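Participant: Sharing target_28.cif, mmCIF, C-alpha atoms:
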data_query
loop_
_atom_site.label_atom_id
_atom_site.label_comp_id
_atom_site.auth_asym_id
_atom_site.auth_seq_id
_atom_site.Cartn_x
_atom_site.Cartn_y
_atom_site.Cartn_z
CA MET A 15 -36.89 -4.52 -6.29
CA VAL A 16 -33.92 -6.54 -7.53
CA THR A 17 -31.24 -4.74 -9.50
CA ASN A 18 -29.27 -6.83 -11.93
CA PRO A 19 -25.56 -6.09 -12.35
CA ALA A 20 -24.32 -4.59 -15.56
CA PRO A 21 -24.14 -7.20 -18.33
CA ALA A 22 -20.76 -8.17 -19.71
CA GLU A 23 -20.06 -6.66 -23.09
CA ILE A 24 -18.74 -8.53 -26.10
CA PRO A 25 -15.00 -7.75 -26.17
CA ASP A 26 -13.16 -6.30 -29.14
CA LYS A 27 -9.71 -7.86 -29.37
CA ASN A 28 -8.30 -4.79 -31.12
CA GLN A 29 -9.45 -2.46 -28.35
CA SER A 30 -7.12 -1.27 -25.59
CA PRO A 31 -8.12 -2.77 -22.23
CA ILE A 32 -8.75 0.61 -20.61
CA ARG A 33 -11.29 1.45 -23.34
CA ARG A 34 -13.43 -1.51 -22.38
CA PRO A 35 -16.31 -0.52 -20.07
CA ALA A 36 -15.81 -3.55 -17.79
CA VAL A 37 -12.10 -2.79 -17.34
CA PHE A 38 -12.64 0.94 -16.92
CA ARG A 39 -15.26 0.36 -14.23
CA LEU A 40 -12.96 -1.96 -12.32
CA LEU A 41 -10.13 0.57 -12.48
CA ILE A 42 -12.33 3.35 -11.08
CA ILE A 43 -13.55 1.09 -8.27
CA ALA A 44 -9.98 -0.03 -7.47
CA LEU A 45 -8.64 3.54 -7.45
CA MET A 46 -11.43 4.75 -5.17
CA ALA A 47 -10.89 1.78 -2.85
CA GLU A 48 -7.16 2.33 -2.45
CA ILE A 49 -7.65 6.06 -1.90
CA ALA A 50 -10.12 5.15 0.86
CA TYR A 51 -7.75 2.69 2.56
CA GLY A 52 -4.86 5.14 2.19
CA VAL A 53 -6.87 8.09 3.54
CA MET A 54 -7.86 6.08 6.60
CA ASN A 55 -4.68 4.18 7.46
CA LEU A 56 -1.80 6.25 6.04
CA SER A 57 -3.10 9.82 5.90
CA THR A 58 -5.60 10.28 8.73
CA MET A 59 -4.77 7.62 11.31
CA PRO A 60 -1.21 8.85 12.15
CA VAL A 61 -2.27 12.49 12.70
CA TYR A 62 -5.48 11.50 14.49
CA LEU A 63 -3.76 9.08 16.86
CA SER A 64 -1.00 11.61 17.62
CA GLY A 65 -3.30 14.66 17.84
CA ASN A 66 -4.15 16.66 20.96
CA PRO A 67 -6.88 14.82 22.90
CA ASN A 68 -7.81 17.97 24.84
CA ILE A 69 -9.17 19.80 21.81
CA GLY A 70 -12.84 19.25 20.98
CA PRO A 71 -15.60 17.62 23.00
CA HIS A 72 -14.61 14.73 25.24
CA TRP A 73 -16.76 12.28 23.30
CA LEU A 74 -15.12 13.29 19.98
CA PRO A 75 -11.61 14.68 20.66
CA ASN A 76 -9.39 16.03 17.89
CA GLY A 77 -6.75 13.40 18.62
CA ARG A 78 -5.71 10.59 20.91
CA GLY A 79 -2.30 11.72 22.13
CA PHE A 80 -0.43 8.49 21.33
CA GLY A 81 3.28 8.30 20.56
CA GLU A 82 4.71 7.17 17.23
CA SER A 83 5.54 3.71 18.57
CA VAL A 84 1.85 3.05 19.27
CA ILE A 85 0.94 4.39 15.81
CA GLY A 86 3.34 1.88 14.28
CA ILE A 87 1.72 -0.99 16.18
CA VAL A 88 -1.76 0.07 15.02
CA LEU A 89 -0.59 0.23 11.39
CA VAL A 90 1.01 -3.21 11.72
CA ALA A 91 -2.38 -4.63 12.70
CA PHE A 92 -3.70 -3.59 9.27
CA LEU A 93 -0.65 -4.87 7.39
CA LEU A 94 -0.53 -8.19 9.26
CA SER A 95 -4.23 -8.90 8.80
CA GLU A 96 -4.04 -8.10 5.08
CA ALA A 97 -0.99 -10.31 4.63
CA VAL A 98 -2.49 -13.26 6.54
CA PHE A 99 -5.86 -13.22 4.79
CA LYS A 100 -4.88 -12.34 1.21
CA GLY A 101 -4.09 -15.93 0.28
CA PRO A 102 -7.27 -17.52 1.68
CA MET A 103 -9.44 -14.67 0.34
CA GLY A 104 -7.92 -15.08 -3.13
CA HIS A 105 -8.89 -18.73 -3.15
CA LEU A 106 -12.32 -17.88 -1.77
CA ALA A 107 -12.81 -15.48 -4.70
CA ASP A 108 -12.27 -18.46 -7.02
CA ARG A 109 -15.00 -20.38 -5.24
CA ILE A 110 -17.76 -17.80 -4.79
CA GLY A 111 -16.82 -15.24 -7.44
CA PRO A 112 -15.02 -11.90 -6.97
CA ARG A 113 -18.09 -9.65 -6.94
CA ARG A 114 -19.27 -10.81 -3.53
CA LEU A 115 -15.91 -10.17 -1.90
CA MET A 116 -15.60 -6.77 -3.60
CA ILE A 117 -18.89 -5.86 -1.90
CA MET A 118 -18.13 -7.43 1.49
CA GLY A 119 -14.59 -6.07 1.96
CA PRO A 120 -15.33 -2.32 1.65
CA SER A 121 -18.56 -2.82 3.62
CA LEU A 122 -16.50 -3.87 6.64
CA SER A 123 -14.43 -0.70 6.40
CA ILE A 124 -17.47 1.56 6.27
CA GLY A 125 -18.17 0.44 9.82
CA THR A 126 -14.56 0.51 11.08
CA SER A 127 -13.94 4.06 9.84
CA ILE A 128 -16.99 5.39 11.69
CA LEU A 129 -16.40 3.26 14.80
CA SER A 130 -12.86 4.68 15.03
CA LEU A 131 -14.43 8.02 15.99
CA PHE A 132 -16.26 6.55 18.95
CA VAL A 133 -13.55 4.44 20.59
CA PRO A 134 -13.68 5.41 24.30
CA HIS A 135 -11.17 8.16 25.01
CA GLY A 136 -8.70 7.82 27.87
CA GLY A 137 -9.12 4.06 28.04
CA GLY A 138 -5.39 3.33 28.07
CA ALA A 139 -4.59 -0.17 26.84
CA PHE A 140 -8.26 -0.80 26.00
CA GLU A 141 -8.29 2.26 23.71
CA VAL A 142 -5.20 1.02 21.89
CA LEU A 143 -6.64 -2.50 21.63
CA CYS A 144 -9.81 -1.12 20.03
CA PHE A 145 -7.82 0.65 17.32
CA ILE A 146 -5.73 -2.47 16.72
CA LEU A 147 -8.88 -4.58 16.32
CA LEU A 148 -10.51 -2.07 13.95
CA ARG A 149 -7.41 -1.88 11.77
CA ALA A 150 -7.20 -5.68 11.69
CA ILE A 151 -10.77 -5.75 10.35
CA ASP A 152 -9.70 -3.18 7.74
CA GLY A 153 -6.89 -5.52 6.73
CA LEU A 154 -9.41 -8.33 6.27
CA GLY A 155 -11.51 -6.02 4.10
CA ALA A 156 -8.51 -5.10 1.94
CA ALA A 157 -7.59 -8.79 1.68
CA MET A 158 -11.10 -9.50 0.40
CA LEU A 159 -11.05 -6.67 -2.12
CA TRP A 160 -7.71 -6.86 -3.92
CA PRO A 161 -7.40 -10.55 -4.88
CA ALA A 162 -11.04 -10.38 -5.98
CA ALA A 163 -10.38 -7.27 -8.07
CA PHE A 164 -7.42 -8.93 -9.81
CA SER A 165 -9.55 -12.03 -10.40
CA ALA A 166 -12.37 -9.91 -11.87
CA MET A 167 -9.88 -8.12 -14.11
CA GLY A 168 -8.57 -11.48 -15.32
CA ASP A 169 -12.13 -12.44 -16.28
CA ALA A 170 -12.67 -9.15 -18.13
CA VAL A 171 -9.91 -9.57 -20.75
CA GLU A 172 -8.36 -12.25 -22.93
CA ASP A 173 -4.98 -13.86 -22.34
CA ASP A 174 -3.07 -11.59 -24.74
CA GLN A 175 -4.19 -8.44 -22.88
CA ARG A 176 -4.18 -9.76 -19.32
CA GLN A 177 -0.72 -8.48 -18.42
CA GLN A 178 -1.53 -4.97 -19.60
CA ALA A 179 -4.84 -4.98 -17.73
CA MET A 180 -3.17 -6.21 -14.53
CA SER A 181 -0.55 -3.48 -14.88
CA LEU A 182 -3.32 -0.87 -15.03
CA LEU A 183 -4.90 -2.33 -11.90
CA ASN A 184 -1.56 -2.27 -10.11
CA LEU A 185 -1.18 1.36 -11.18
CA CYS A 186 -4.49 2.16 -9.47
CA TYR A 187 -3.14 0.58 -6.29
CA MET A 188 0.03 2.70 -6.33
CA LEU A 189 -1.68 5.89 -7.47
CA GLY A 190 -4.37 5.48 -4.82
CA ILE A 191 -1.75 5.42 -2.06
CA ALA A 192 -0.05 8.51 -3.50
CA LEU A 193 -3.32 10.46 -3.83
CA ALA A 194 -4.59 9.45 -0.39
CA LEU A 195 -2.08 11.64 1.44
CA PRO A 196 -3.08 14.94 -0.20
CA ILE A 197 -6.79 14.11 -0.30
CA GLY A 198 -6.94 13.11 3.36
CA GLY A 199 -4.80 16.04 4.47
CA ILE A 200 -6.84 18.62 2.59
CA ALA A 201 -10.05 17.16 4.04
CA ASN A 202 -8.69 17.48 7.59
CA ASP A 203 -7.50 21.06 7.08
CA LEU A 204 -10.72 22.22 5.41
CA ALA A 205 -12.82 20.71 8.20
CA GLY A 206 -10.45 21.91 10.91
CA VAL A 207 -10.37 18.53 12.65
CA LYS A 208 -7.97 15.58 12.48
CA TRP A 209 -10.73 12.98 12.08
CA ALA A 210 -12.40 14.40 8.95
CA GLY A 211 -10.45 11.92 6.82
CA LEU A 212 -12.20 9.05 8.58
CA VAL A 213 -15.59 10.39 7.49
CA LEU A 214 -14.27 10.90 3.96
CA ALA A 215 -12.96 7.31 3.94
CA ALA A 216 -16.39 6.02 5.00
CA VAL A 217 -18.01 7.92 2.11
CA LEU A 218 -15.48 6.50 -0.34
CA PHE A 219 -16.07 2.96 0.96
CA VAL A 220 -19.80 3.44 0.42
CA GLY A 221 -19.01 4.40 -3.19
CA VAL A 222 -16.80 1.32 -3.64
CA THR A 223 -19.46 -0.98 -2.20
CA LEU A 224 -22.24 0.43 -4.38
CA GLY A 225 -19.98 0.46 -7.44
CA SER A 226 -19.05 -3.19 -6.94
CA TRP A 227 -22.70 -4.12 -6.45
CA ARG A 228 -24.01 -2.27 -9.49
CA LEU A 229 -21.10 -2.34 -11.96
CA VAL A 230 -19.17 -5.61 -11.47
CA PRO A 231 -20.83 -8.49 -13.36
CA ASP A 232 -21.33 -11.70 -11.44
CA THR A 233 -20.02 -13.86 -14.29
CA HIS A 234 -17.21 -15.70 -12.53
CA PRO A 235 -18.14 -19.41 -12.33
CA PRO A 236 -17.65 -20.73 -8.80
CA ALA A 237 -15.81 -23.98 -8.29
CA THR A 238 -17.99 -27.05 -8.01
CA GLU A 239 -17.97 -29.19 -4.91
CA GLY A 240 -15.05 -31.55 -4.97
CA ASP A 241 -13.17 -29.42 -7.47
CA PRO A 242 -9.72 -28.61 -6.06
CA HIS A 243 -9.73 -25.26 -7.86
CA GLY A 244 -9.99 -22.56 -5.23
CA GLU A 245 -8.93 -24.71 -2.27
CA PHE A 246 -6.25 -23.03 -0.22
CA LYS A 247 -3.33 -25.41 0.18
CA ILE A 248 -0.61 -24.37 2.60
CA SER A 249 1.62 -27.07 1.10
CA GLU A 250 1.76 -25.16 -2.20
CA PHE A 251 2.82 -22.02 -0.37
CA ILE A 252 5.57 -23.90 1.51
CA GLU A 253 6.78 -25.52 -1.70
CA SER A 254 7.06 -22.09 -3.36
CA CYS A 255 9.03 -20.77 -0.40
CA ARG A 256 11.47 -23.65 -0.79
CA GLN A 257 11.79 -23.03 -4.53
CA ILE A 258 12.57 -19.30 -4.38
CA PRO A 259 14.31 -18.52 -1.06
CA ALA A 260 16.61 -15.93 -2.64
CA TYR A 261 13.66 -14.01 -4.09
CA LEU A 262 11.93 -14.11 -0.72
CA ALA A 263 15.06 -12.73 0.93
CA ILE A 264 15.12 -9.78 -1.48
CA ALA A 265 11.42 -9.15 -0.84
CA ILE A 266 11.67 -9.24 2.96
CA VAL A 267 14.82 -7.10 3.19
CA THR A 268 13.63 -4.47 0.70
CA PHE A 269 10.12 -4.14 2.07
CA THR A 270 11.40 -4.00 5.63
CA GLY A 271 13.11 -0.83 4.45
CA ILE A 272 9.91 0.44 2.83
CA GLY A 273 8.12 -0.22 6.11
CA PHE A 274 10.50 1.95 8.19
CA PRO A 275 9.00 5.36 7.23
CA MET A 276 5.49 4.05 6.51
CA ALA A 277 3.84 5.06 9.79
CA ILE A 278 5.62 8.42 10.12
CA PHE A 279 5.73 9.48 6.47
CA LYS A 280 3.10 12.17 7.01
CA LEU A 281 4.19 13.13 10.53
CA PHE A 282 7.75 13.83 9.36
CA PRO A 283 7.10 16.98 7.25
CA ILE A 284 4.68 18.26 9.90
CA ASP A 285 7.18 17.86 12.74
CA GLN A 286 10.36 18.66 10.82
CA PHE A 287 9.31 21.48 8.51
CA GLY A 288 6.09 22.74 10.14
CA MET A 289 3.99 22.01 7.06
CA SER A 290 0.23 21.87 7.16
CA GLU A 291 -1.60 18.83 5.85
CA THR A 292 -2.85 20.88 2.90
CA THR A 293 0.70 21.97 2.01
CA ILE A 294 1.85 18.37 2.11
CA GLY A 295 -1.05 17.44 -0.13
CA TRP A 296 -0.29 20.06 -2.75
CA LEU A 297 3.38 19.03 -2.79
CA ILE A 298 2.58 15.33 -3.23
CA PHE A 299 -0.27 15.71 -5.71
CA PRO A 300 1.85 16.67 -8.79
CA GLY A 301 4.21 13.79 -8.07
CA ALA A 302 1.30 11.36 -7.82
CA ILE A 303 -0.08 12.49 -11.17
CA ALA A 304 3.40 12.32 -12.73
CA MET A 305 3.75 8.74 -11.46
CA GLY A 306 0.48 7.82 -13.13
CA VAL A 307 1.52 9.39 -16.44
CA ALA A 308 5.02 7.90 -16.40
CA SER A 309 4.11 4.39 -15.25
CA VAL A 310 3.35 2.92 -18.68
CA PRO A 311 6.44 4.41 -20.47
CA MET A 312 8.68 3.30 -17.59
CA SER A 313 7.21 -0.20 -17.71
CA LYS A 314 7.85 -0.39 -21.46
CA TYR A 315 11.42 0.83 -20.99
CA GLY A 316 11.93 -1.87 -18.38
CA GLU A 317 10.78 -4.52 -20.87
CA LYS A 318 13.18 -3.07 -23.46
CA ILE A 319 16.31 -3.28 -21.30
CA GLY A 320 15.37 -6.58 -19.68
CA ARG A 321 13.55 -7.31 -16.44
CA SER A 322 16.57 -8.00 -14.27
CA LYS A 323 18.39 -4.89 -15.49
CA ALA A 324 15.24 -2.87 -14.84
CA VAL A 325 15.14 -4.15 -11.25
CA HIS A 326 18.85 -3.40 -10.78
CA LEU A 327 18.59 0.10 -12.25
CA GLY A 328 15.34 0.92 -10.45
CA MET A 329 16.54 -0.20 -7.03
CA GLY A 330 19.80 1.66 -7.62
CA PHE A 331 17.82 4.85 -8.21
CA CYS A 332 15.81 4.19 -5.03
CA SER A 333 18.99 3.69 -3.02
CA LEU A 334 20.48 6.92 -4.38
CA GLY A 335 17.41 8.98 -3.54
CA LEU A 336 17.05 7.53 -0.07
CA GLY A 337 20.73 8.21 0.58
CA LEU A 338 20.20 11.91 -0.19
CA ILE A 339 17.35 12.02 2.32
CA ALA A 340 18.99 9.88 5.03
CA ILE A 341 22.16 11.95 5.15
CA GLY A 342 20.13 14.66 6.89
CA ALA A 343 20.24 12.56 10.05
CA PHE A 344 23.97 13.25 10.38
CA VAL A 345 24.52 16.56 8.52
CA PRO A 346 22.33 19.34 9.97
CA PHE A 347 22.71 21.82 7.08
CA LEU A 348 21.22 19.23 4.68
CA ARG A 349 17.92 19.07 6.58
CA HIS A 350 15.83 20.95 4.03
CA ALA A 351 12.49 20.27 2.38
CA TRP A 352 13.99 20.81 -1.08
CA LEU A 353 16.50 18.00 -0.46
CA LEU A 354 13.62 15.73 0.57
CA ALA A 355 11.94 16.50 -2.75
CA LEU A 356 15.20 16.05 -4.65
CA GLY A 357 15.72 12.63 -3.07
CA GLY A 358 12.14 11.66 -3.79
CA LEU A 359 12.63 12.11 -7.55
CA PRO A 360 14.97 9.13 -8.13
CA VAL A 361 12.96 7.10 -5.60
CA GLY A 362 9.80 7.60 -7.69
CA ILE A 363 11.59 6.78 -10.94
CA GLY A 364 13.19 3.71 -9.43
CA PHE A 365 9.91 2.49 -7.99
CA LEU A 366 8.11 2.75 -11.34
CA LEU A 367 10.96 0.97 -13.11
CA SER A 368 11.62 -1.83 -10.64
CA ILE A 369 8.24 -2.96 -9.30
CA PRO A 370 6.63 -4.16 -12.60
CA ALA A 371 9.90 -5.80 -13.66
CA TRP A 372 10.26 -7.46 -10.25
CA MET A 373 6.77 -8.97 -10.34
CA ALA A 374 7.27 -10.10 -13.94
CA SER A 375 10.58 -11.74 -12.98
CA VAL A 376 8.86 -13.66 -10.18
CA SER A 377 6.07 -14.78 -12.52
CA ASP A 378 8.66 -16.16 -14.97
CA ILE A 379 10.40 -18.43 -12.44
CA ASP A 380 7.99 -21.32 -13.00
CA PRO A 381 4.98 -20.74 -15.29
CA LYS A 382 3.25 -23.78 -13.76
CA LYS A 383 3.41 -22.21 -10.30
CA ARG A 384 3.08 -18.56 -11.24
CA GLY A 385 0.24 -17.80 -8.84
CA ALA A 386 1.78 -19.64 -5.91
CA ASN A 387 5.18 -17.97 -6.38
CA LEU A 388 3.64 -14.51 -6.69
CA GLY A 389 1.58 -15.18 -3.57
CA ALA A 390 4.67 -16.26 -1.63
CA VAL A 391 6.62 -13.17 -2.68
CA MET A 392 3.71 -10.84 -1.88
CA THR A 393 3.45 -12.44 1.55
CA ALA A 394 7.20 -11.91 2.07
CA GLN A 395 6.81 -8.27 1.06
CA GLY A 396 4.00 -7.85 3.55
CA LEU A 397 6.08 -9.52 6.25
CA GLY A 398 8.92 -7.11 5.54
CA ALA A 399 6.63 -4.08 5.89
CA ILE A 400 5.24 -5.55 9.13
CA ILE A 401 8.78 -5.81 10.52
CA GLY A 402 9.86 -2.36 9.38
CA ALA A 403 6.85 -0.21 10.33
CA PRO A 404 6.98 -0.61 14.14
CA ILE A 405 10.78 -0.38 14.20
CA GLY A 406 10.77 2.82 12.17
CA SER A 407 8.07 4.49 14.25
CA THR A 408 9.80 3.50 17.49
CA LEU A 409 13.13 4.91 16.26
CA TYR A 410 11.35 8.12 15.27
CA GLU A 411 10.03 8.59 18.79
CA LYS A 412 12.82 7.20 20.96
CA LEU A 413 15.85 8.62 19.11
CA GLN A 414 14.73 12.25 19.25
CA PRO A 415 16.00 12.68 22.85
CA VAL A 416 19.09 10.64 21.96
CA GLY A 417 19.82 13.05 19.11
CA LYS A 418 19.61 15.98 21.52
CA ALA A 419 22.01 14.23 23.89
CA ILE A 420 24.67 13.64 21.22
CA GLY A 421 24.42 17.10 19.69
CA LEU A 422 22.50 16.21 16.51
CA GLY A 423 19.16 17.48 17.75
CA ALA A 424 15.70 15.90 17.69
CA ASP A 425 15.98 15.91 13.91
CA PHE A 426 18.28 12.89 14.18
CA GLY A 427 15.41 10.79 15.50
CA ARG A 428 13.01 12.09 12.86
CA TYR A 429 15.41 11.19 10.05
CA SER A 430 16.34 7.78 11.54
CA PRO A 431 13.55 5.79 9.75
CA PHE A 432 14.95 7.01 6.42
CA VAL A 433 18.40 5.81 7.44
CA GLY A 434 16.95 2.34 8.10
CA CYS A 435 15.03 2.50 4.83
CA PHE A 436 18.20 3.40 2.91
CA ALA A 437 20.19 0.58 4.54
CA CYS A 438 17.58 -2.12 3.80
CA VAL A 439 16.81 -1.00 0.24
CA THR A 440 20.54 -0.82 -0.53
CA LEU A 441 21.02 -4.34 0.83
CA GLY A 442 18.07 -5.53 -1.27
CA TRP A 443 19.62 -3.88 -4.32
CA LEU A 444 22.96 -5.64 -3.71
CA LEU A 445 21.15 -8.98 -3.33
CA SER A 446 19.29 -8.38 -6.61
CA LEU A 447 22.57 -7.69 -8.43
CA ARG A 448 23.81 -11.10 -7.32
CA ILE A 449 20.64 -13.12 -7.75
CA LEU A 450 18.59 -11.71 -10.65
CA ARG A 451 19.81 -12.49 -14.16
CA ASP A 452 18.02 -12.18 -17.49
CA PRO A 453 18.15 -15.34 -19.68
CA HIS A 454 20.59 -15.05 -22.56
#
Please rewrite the model in this file as structure tokens.
Facilitator:
Amino acid sequence: MVTNPAPAEIPDKNQSPIRRPAVFRLLIIALMAEIAYGVMNLSTMPVYLSGNPNIGPHWLPNGRGFGESVIGIVLVAFLLSEAVFKGPMGHLADRIGPRRLMIMGPSLSIGTSILSLFVPHGGGAFEVLCFILLRAIDGLGAAMLWPAAFSAMGDAVEDDQRQQAMSLLNLCYMLGIALALPIGGIANDLAGVKWAGLVLAAVLFVGVTLGSWRLVPDTHPPATEGDPHGEFKISEFIESCRQIPAYLAIAIVTFTGIGFPMAIFKLFPIDQFGMSETTIGWLIFPGAIAMGVASVPMSKYGEKIGRSKAVHLGMGFCSLGLGLIAIGAFVPFLRHAWLLALGGLPVGIGFLLSIPAWMASVSDIDPKKRGANLGAVMTAQGLGAIIGAPIGSTLYEKLQPVGKAIGLGADFGRYSPFVGCFACVTLGWLLSLRILRDPH
């Protein structure tokens, strides 16, 4: 029995994009997908890889007993694979249509999430290599999904509503990451095992795959043979890099900072404050919802004050918040959970204000090369995160004994990724003040 995908509806130009069934379906699929990737790679994988391998049956231990430096390397495999394949997969979506890639990408991750449970325990380097390979396949799946989802969203709306629709899709990406931490943590605590999030991720990926198959119309016309549309040209990427080196520098420096705490973000409150995964989840959940509610007003305010000013102000807020958190590395009496939350408030505001304005500024550099320039900047951002993540996780692990030796305690090592994050984001902010200017 052959099931036809949902037919495309006739659009109403006066209707908000989110009220259109095709757009709404894409947003739900995108949100579920990013929650799944976040649950697996950001929420569950760090605690599972660092968990006690002696708890539970030998064939399915509650953890793997790896240090934070190994966790950082495993996460980098995902980030690197996603960064490398996003460009080619975006062009492939133009050739074969986005629906196929939106089905194929999550399908890969159904298998990798389950296979992660059965990697041979105690295999040393082979065990680590297996996790690296599985996360690299996840990165390929994510690289298939997201360019295809943006392409499908572009097909679902007209030109005058495309920016708003893309903003909603980007919101799903950010909100999915924020929601993944509490959802994955609560699943682990309720099940009483550190690998429950992997099973949850597999279930979510099944939902994404079925949703893409049943709900995404296959209306995107593939490129004809001999048509250059959809061909991946490395020369265009190199030309964009030559055109916007200053923008690429901002992207690499800033996202290197963002990468520093990426692998240990969930381990930090567990190790430093003794929080359970459920407690972390309940603390993050209101902030994630608030980000979703505030994203549209903050984006509109950024348009009102000008894109460059929005980037400057937003990154300034991020630097301020990160400074409040990072100071705990050197001042013991400021190592409190409430100060972490206080510092997170301006970081969240700054993120919502700066990211949409930053991407819009890049898109305005050269309208004829908008896609190529955005692709180059997104690759630079990914490269920055790839650089920062293993450095931050290594500092977290290796500087704890150093902190004890110099009288600052193990807490010094735990706070060190936030110090690196603060330094890089502040440098990126200073570069933006010098480079980004709104046209008069």
Participant: Grab the atom CA of A:Ser313 to atom CA of A:Leu334 distance for me, in Å with one decimal place.
Facilitator: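 Pair atom CA of A:Ser313 / atom CA of A:Leu334 returns 20.1 Å.
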Participant: How far is it from atom CA of A:Thr440 to atom CA of A:Ser333, in Å with one decimal?
Facilitator: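 So the answer is 5.4 Å.
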Participant: Using the chain letters and numbers from this file, what does the PyMOL selection byres ((chain A and resi 189) around 8) select? Give the answer as a list in words.
Facilitator: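 Applying the expression gives Leu45, Leu185, Cys186, Tyr187, Met188, Gly190, Ile191, Ala192, Leu193, Ala302, Ile303, Met305 and Gly306 of chain A.
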Participant: Any chance you could export the current selection's C-alpha atoms as a PDB file, in the frame of the given file?
Facilitator:
ATOM      1  CA  LEU A  45      -8.640   3.540  -7.450  1.00  0.00           C
ATOM      2  CA  LEU A 185      -1.180   1.360 -11.180  1.00  0.00           C
ATOM      3  CA  CYS A 186      -4.490   2.160  -9.470  1.00  0.00           C
ATOM      4  CA  TYR A 187      -3.140   0.580  -6.290  1.00  0.00           C
ATOM      5  CA  MET A 188       0.030   2.700  -6.330  1.00  0.00           C
ATOM      6  CA  GLY A 190      -4.370   5.480  -4.820  1.00  0.00           C
ATOM      7  CA  ILE A 191      -1.750   5.420  -2.060  1.00  0.00           C
ATOM      8  CA  ALA A 192      -0.050   8.510  -3.500  1.00  0.00           C
ATOM      9  CA  LEU A 193      -3.320  10.460  -3.830  1.00  0.00           C
ATOM     10  CA  ALA A 302       1.300  11.360  -7.820  1.00  0.00           C
ATOM     11  CA  ILE A 303      -0.080  12.490 -11.170  1.00  0.00           C
ATOM     12  CA  MET A 305       3.750   8.740 -11.460  1.00  0.00           C
ATOM     13  CA  GLY A 306       0.480   7.820 -13.130  1.00  0.00           C
TER      14      GLY A 306
END
Participant: Apply the PyMOL selection byres ((chain A and resi 351) around 12) to the file shown and report the selected residues as a ChimeraX atom specification.
Facilitator: /A:282-289,293-294,297,338-339,342,347-350,352-358
Participant: Would you put the residues from that selection into a file with C-alpha atoms, as a short mmCIF file (atom, residue, chain, number, x, y, z; two decimals), keeping the file's coordinate frame?
Facilitator:
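To be explicit, this is the file written out as out08.cif:
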data_model
loop_
_atom_site.label_atom_id
_atom_site.label_comp_id
_atom_site.auth_asym_id
_atom_site.auth_seq_id
_atom_site.Cartn_x
_atom_site.Cartn_y
_atom_site.Cartn_z
CA PHE A 282 7.75 13.83 9.36
CA PRO A 283 7.10 16.98 7.25
CA ILE A 284 4.68 18.26 9.90
CA ASP A 285 7.18 17.86 12.74
CA GLN A 286 10.36 18.66 10.82
CA PHE A 287 9.31 21.48 8.51
CA GLY A 288 6.09 22.74 10.14
CA MET A 289 3.99 22.01 7.06
CA THR A 293 0.70 21.97 2.01
CA ILE A 294 1.85 18.37 2.11
CA LEU A 297 3.38 19.03 -2.79
CA LEU A 338 20.20 11.91 -0.19
CA ILE A 339 17.35 12.02 2.32
CA GLY A 342 20.13 14.66 6.89
CA PHE A 347 22.71 21.82 7.08
CA LEU A 348 21.22 19.23 4.68
CA ARG A 349 17.92 19.07 6.58
CA HIS A 350 15.83 20.95 4.03
CA TRP A 352 13.99 20.81 -1.08
CA LEU A 353 16.50 18.00 -0.46
CA LEU A 354 13.62 15.73 0.57
CA ALA A 355 11.94 16.50 -2.75
CA LEU A 356 15.20 16.05 -4.65
CA GLY A 357 15.72 12.63 -3.07
CA GLY A 358 12.14 11.66 -3.79
#
Participant: The PyMOL selection byres ((chain A and resi 373) around 10) - which residues does that actually catch in the file I just gave you? List them as a ChimeraX atom specification.
Facilitator: /A:321,325,368-372,374-378,387-388,391-392
Participant: Which one is closest to A:Ile278: A:Leu204, A:Ala403, A:Leu214, A:Ile449? Count all atoms listed in the file.
Facilitator: A:Ala403
Participant: Have a look at atom CA of A:Leu40 and atom CA of A:Asp108 and let me know their distance in Å, one decimal.
Facilitator: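 Result for atom CA of A:Leu40 versus atom CA of A:Asp108: 17.3 Å, one decimal.
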Participant: From the set A:Leu129, A:Met158, A:Val267, A:Val433, which residue has the shortest atom-to-atom contact distance to A:Ala340, counting only C-alpha atoms?
Facilitator: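 The closest residue to A:Ala340 is A:Val433.
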Participant: Would you mind listing what lies within 12 Å of A:Ser121 as a ChimeraX atom specification, with only C-alpha atoms counted and same-chain residues fewer than 2 positions away left out?
Facilitator: /A:47,50,114-119,123-128,151-152,154-156,158-159,215-227
Participant: Name all residues at most 7 Å from A:Gly406 (count all atoms listed in the file; drop same-chain ones fewer than 6 positions away) and give them as JSON, numbers by chain.
Facilitator: {"A": [274, 275, 431]}
Participant: Could you write out the selected residues, including C-alpha atoms, as a PDB file, in the coordinates of the input?
Facilitator:
ATOM      1  CA  PHE A 274      10.500   1.950   8.190  1.00  0.00           C
ATOM      2  CA  PRO A 275       9.000   5.360   7.230  1.00  0.00           C
ATOM      3  CA  PRO A 431      13.550   5.790   9.750  1.00  0.00           C
TER       4      PRO A 431
END
Participant: Please provide the set of residues having any atom within 10 Å of A:Ile400, restricted to all atoms listed in the file, with same-chain residues fewer than 4 positions apart removed, written as a list of chain:residue names.
Facilitator: A:Gly86, A:Ile87, A:Leu89, A:Val90, A:Ala91, A:Phe92, A:Leu93, A:Leu94, A:Ala97, A:Ile266, A:Phe269, A:Thr270, A:Ile272, A:Gly273, A:Phe274, A:Met276, A:Ala394, A:Gln395, A:Gly396, A:Pro404, A:Ile405
Participant: Between A:Phe365, A:Trp160, A:Phe38, A:Phe426, which is the closest to A:Phe99 once you count all atoms listed in the file?
Facilitator: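 Of the candidates, the smallest distance to A:Phe99 is held by A:Trp160.
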